Amino acid sequence: MDTFTKRFKVSYLIEKESLIVLIKNTVFLAIYYFIAIILYEIIAELTFPRAQSVFYTPIDNMIPFISIFVIFYVFIFYPFVLYTLGYFAYIKPEKFDRFFLAIIIMYVLSYLTYLIYPVRMNRPDLSDASDFLSKVMYNYYQEDLPVNCFPSLHASNSTLMAYFLSKENKRLSIVFWLIAIAVMISTLFVRQHVIVDEITGFLVAIFAAKISEKFIPIGKEIKGYFKERVIFTVILVAIFSIVTIMPYLP
């Protein structure tokens, strides 16, 4: 076998292996959609009749609804999560298994808590809202039952995204963590969660990340078609961000 044939065969095998990894990651993203959207709603319907309002502190009772925080809760949170999912699925696919296991652990712990000890959030009446952001949140209330609160998945997801992205880019780590903190604070001011929900959501995410790092090694780096993968990810994230946010717009 001549040198050219050997190189061609090796190149073909590498590309085939890379394609299999990317397809596998795409399947896992579909699983994530089922867990985060469909299963979430199923659990909300199951727990709603049993849910009670608990874990309110005197500080929680003093926190008002402030519509500006809807920007972080809806318009920043979803693109942040979707970008991170796309980044590890297609741009850094060799790290996706570790990242995805952390997500699974996070959701398993959260959903078990919802089923065992469901709580309910008391929301303000926004039916007469006049400003755009308040109307967005009113629509969000209509789509989302006031349960599945403890721990907060907004807190868990944003923490997990910031944790893994910070390891990718140390210079931007402060930006990632500021986004996560802003999202967590926003959940309080859009009256979706209380302080305890955010603390437990943060801790669940950190625990899940540490466990996944301990047991899942980083895979073989994929170098081919890097620019194409970046472009594909950006377009995909833009499309899914629009599709996710559109139902909440007045």
# chains A, B, ... in the order shown; residues from 1 in each chain; ligands from 1
>>> closest_atom_pairs(of="region 48-151 of chain A", to="region 190-197 of chain A", cutoff="6 Å", atoms="only C-alpha atoms", output="tab-separated table")
residue	atom	partner	partner_atom	distance
A:Asp60	CA	A:Val194	CA	5.9
A:Phe65	CA	A:Val190	CA	5.3
A:Arg123	CA	A:Arg191	CA	5.8
A:Phe150	CA	A:Asp197	CA	4.7
A:Pro151	CA	A:Asp197	CA	4.6
>>> write_last_selection(atoms="C-alpha atoms", output="JSON list (two decimals), in the first residue's frame")
[["chain", "number", "residue", "atom", "x", "y", "z"],
["A", 60, "ASP", "CA", -38.58, 36.76, 49.62],
["A", 65, "PHE", "CA", -41.86, 42.07, 40.50],
["A", 123, "ARG", "CA", -47.04, 34.86, 41.38],
["A", 150, "PHE", "CA", -37.07, 23.74, 44.27],
["A", 151, "PRO", "CA", -34.32, 23.52, 43.09]]
>>> closest_atom_pairs(of="region 48-103 of chain A", to="region 206-227 of chain A", cutoff="9 Å", atoms="only C-alpha atoms", output="CSV")
residue,atom,partner,partner_atom,distance
A:Tyr90,CA,A:Phe226,CA,8.9
A:Ile91,CA,A:Phe226,CA,7.0
A:Lys92,CA,A:Ile222,CA,7.5
A:Pro93,CA,A:Ile222,CA,7.1
A:Glu94,CA,A:Gly219,CA,4.4
A:Lys95,CA,A:Ile218,CA,5.2
A:Phe96,CA,A:Ile218,CA,8.2
A:Asp97,CA,A:Ile216,CA,7.0
A:Arg98,CA,A:Ile216,CA,5.2
A:Phe99,CA,A:Ser212,CA,7.2
A:Phe100,CA,A:Ser212,CA,8.4
A:Leu101,CA,A:Ser212,CA,5.8
A:Ala102,CA,A:Ala208,CA,4.7
A:Ile103,CA,A:Ala208,CA,7.2
>>> residues_around(residues="Met184 (chain A)", least_positions_apart="6", cutoff="7 Å", atoms="only C-alpha atoms", output="list in words")
His154, Ala155 and Glu198 of chain A
>>> write_last_selection(atoms="C-alpha atoms", output="PDB file, in the first residue's frame")
ATOM      1  CA  HIS A 154     -32.745  28.352  35.728  1.00  0.00           C
ATOM      2  CA  ALA A 155     -30.117  28.488  38.474  1.00  0.00           C
ATOM      3  CA  GLU A 198     -31.530  29.449  43.753  1.00  0.00           C
TER       4      GLU A 198
END
>>> closest_residue(among="A:Ile76, A:Leu160, A:Ile179, A:Val81", to="Leu203 (chain A)", atoms="only C-alpha atoms")
A:Leu160
>>> atom_distance(atom1="CA of Thr26 (chain A)", atom2="CA of Phe72 (chain A)")
27.0 Å
>>> select_by_dssp(residues="region 102-184 of chain A", states="alpha helix (DSSP H)", output="PyMOL selection string")
chain A and resi 102-116+132-143+153-168+173-184
>>> closest_residue(among="A:Pro79, A:Pro64, A:Pro49, A:Pro58", to="Val234 (chain A)", atoms="only C-alpha atoms")
A:Pro79
>>> residues_around(residues="region 243-245 of chain A", least_positions_apart="5", cutoff="12 Å", atoms="only C-alpha atoms", output="PyMOL selection string")
chain A and resi 33+37+70-71+73-79+81-82+136-137+139-140+143+236-238+250
>>> atom_distance(atom1="CA of Ile38 (chain A)", atom2="CA of Asn148 (chain A)")
13.3 Å
>>> closest_residue(among="A:Thr159, A:Gln52, A:Ser152, A:Ser173", to="Tyr111 (chain A)", atoms="only C-alpha atoms")
A:Ser152
>>> atom_distance(atom1="CA of Val183 (chain A)", atom2="CA of Ser158 (chain A)")
7.0 Å
